[in-house]
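In what follows, a structure is listed as structure tokens, so that the remarks can point back to it.
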Amino acid sequence: MKDEHLSLAEQMNELIHLATNLKSTAEPIRRKKGLTELHELGSTFFSELEHHSRREEEGLYPLMANYIEREMGPIAAMEEEHDLIKESLMSFIRIVEMEKSEPVEIAAVHTHLLKSVEILMEHFFKEESVLFPMAEYVLSDAEKEQLRVLFQD
């Protein structure tokens with residue numbers, strides 16, 4: 001799971017780099033190309049993040065719920081953050097799509113992306129510093145193997 005976080009973090013850095021370059025580009029043709037590239041990368045990133053989140057929600061969280069409360073505490077917080085991250089990234093993608101057809105402010109695209117990345121990085125930190133170590137401690141070897149298999153695809 002941590003390896004996926006690293007891969008997703010690399011993609012986030014690339015998104016930020018693209019958005020930052022786009023923000024400083026005044027030439028209309030380069031802006032249009034940059035927006036297209038940003039939209040494609042953002043959509044791919046969103047899809048990969050959704051796949052990752054779904055496996056956590058369908059694999060890790062139910063297993064952890066056998067040991068800790070699901071309605072409150074770390075699991076509930078992680079699930080709420082998944083929803084917030086999804087909403088934030090969907091808004092970012094919609095803004096990029098809108099920007100492609102009706103130019104507004106590229107700075108808004110950049111700012112919204114940075115907000116989404118900030119939320120996601122905090123989420124990854126919480127999972128890696130709280131939930132994953134807790135899972136390592138409480139899950140049986142069979143449950144850990146079940147997760148390993150789930151996260152291989």
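Please note that chains go A, B, ... in the order of the structure tokens, that every chain numbers its residues from 1, and that ligands are numbered from 1 in the order shown.
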
Residue set, region 23-130 of chain A restricted to alpha helix (DSSP H), as a ChimeraX atom specification: /A:23,28-55,61-64,74-101,106-126

Contacts of Phe46 (chain A) within 10 Å, only C-alpha atoms, excl. fewer than 3 positions in-chain, as number ranges by chain: A: 8, 40-43, 49-52, 85-86, 89-90, 93

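For region 118-121 of chain A, the residues within 9 Å (counting only C-alpha atoms, excluding itself and residues fewer than 2 positions away along the chain) are A:Ala9, A:Glu81, A:His82, A:Leu84, A:Ile85, A:Ser88, A:Leu113, A:Leu114, A:Lys115, A:Ser116, A:His123, A:Phe124, A:Phe125, A:Lys126.
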
Could those selected residues go to a file with N, CA and C atoms, as a tab-separated table (two decimals), in the first residue's frame?
chain	number	residue	atom	x	y	z
A	9	ALA	N	2.10	9.74	-5.23
A	9	ALA	CA	2.76	11.00	-4.88
A	9	ALA	C	3.61	11.52	-6.04
A	81	GLU	N	-12.20	11.09	4.60
A	81	GLU	CA	-11.18	11.75	3.79
A	81	GLU	C	-11.19	11.24	2.36
A	82	HIS	N	-11.45	9.95	2.17
A	82	HIS	CA	-11.57	9.43	0.80
A	82	HIS	C	-12.67	10.19	0.06
A	84	LEU	N	-13.83	13.22	0.71
A	84	LEU	CA	-13.38	14.61	0.53
A	84	LEU	C	-12.37	14.71	-0.62
A	85	ILE	N	-11.44	13.78	-0.67
A	85	ILE	CA	-10.41	13.77	-1.72
A	85	ILE	C	-11.07	13.55	-3.08
A	88	SER	N	-12.85	16.71	-4.08
A	88	SER	CA	-11.89	17.76	-4.42
A	88	SER	C	-11.26	17.52	-5.79
A	113	LEU	N	-5.80	22.47	-7.44
A	113	LEU	CA	-4.95	21.28	-7.46
A	113	LEU	C	-4.10	21.21	-6.20
A	114	LEU	N	-3.49	22.33	-5.82
A	114	LEU	CA	-2.66	22.35	-4.61
A	114	LEU	C	-3.47	21.96	-3.38
A	115	LYS	N	-4.71	22.42	-3.28
A	115	LYS	CA	-5.57	22.07	-2.16
A	115	LYS	C	-5.85	20.57	-2.15
A	116	SER	N	-6.15	20.00	-3.32
A	116	SER	CA	-6.42	18.57	-3.42
A	116	SER	C	-5.20	17.76	-3.00
A	123	HIS	N	-3.64	12.80	4.17
A	123	HIS	CA	-4.32	11.51	4.28
A	123	HIS	C	-3.31	10.36	4.23
A	124	PHE	N	-2.40	10.40	3.26
A	124	PHE	CA	-1.37	9.37	3.16
A	124	PHE	C	-0.54	9.32	4.44
A	125	PHE	N	-0.19	10.48	4.97
A	125	PHE	CA	0.61	10.53	6.19
A	125	PHE	C	-0.14	9.84	7.35
A	126	LYS	N	-1.43	10.12	7.49
A	126	LYS	CA	-2.21	9.51	8.57
A	126	LYS	C	-2.29	8.00	8.40

9 Å contact set for Tyr67 (chain A), only C-alpha atoms, chain neighbours under 4 positions out, as JSON, numbers by chain: {"A": [63, 138, 139]}

Surrounding residues of region 17-20 of chain A excluding itself and chain neighbours under 6 positions, 8 Å, only C-alpha atoms, as a PyMOL selection string: chain A and resi 34+38+109-110+113

Residues near region 145-151 of chain A, cut-off 8 Å, only C-alpha atoms, skip fewer than 5 positions along chain, as an NGL selection string: :A and (1 or 55 or 59-60)

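Residues lying within 10 Å of Ser24 (chain A), counting only C-alpha atoms and ignoring same-chain neighbours fewer than 5 positions away, are Ala19, Arg31, Ile106 and Ala107 of chain A.
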
Got time to write the residues from that selection, N, CA and C atoms, as a CSV table (one decimal), in the first residue's frame?
chain,number,residue,atom,x,y,z
A,19,ALA,N,0.7,22.1,-13.8
A,19,ALA,CA,-0.1,23.2,-13.4
A,19,ALA,C,0.7,24.5,-13.2
A,31,ARG,N,-1.1,27.0,-23.8
A,31,ARG,CA,-2.1,26.9,-22.7
A,31,ARG,C,-3.0,25.8,-23.0
A,106,ILE,N,-6.4,30.5,-14.8
A,106,ILE,CA,-5.5,29.4,-14.6
A,106,ILE,C,-5.1,29.3,-13.2
A,107,ALA,N,-5.0,30.4,-12.5
A,107,ALA,CA,-4.6,30.4,-11.1
A,107,ALA,C,-5.6,29.6,-10.3

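Using only C-alpha atoms, the nearest neighbour of Glu10 (chain A) within the list A:Ile75, A:Val117, A:Glu69, A:Tyr61 is A:Val117.
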
Distance of CA of Thr25 (chain A) from CA of Thr44 (chain A), expressed in Å to one decimal place: 23.1 Å

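What separates CA of Arg94 (chain A) from CA of His39 (chain A) is a distance of 9.1 Å.
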
Option closest in space to Val130 (chain A), from A:Gln152, A:Ala108, A:Ala142, A:Met78 [counting only C-alpha atoms]: A:Met78

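Here CA of Ala65 (chain A) and CA of Glu87 (chain A) stand 24.7 Å from one another.
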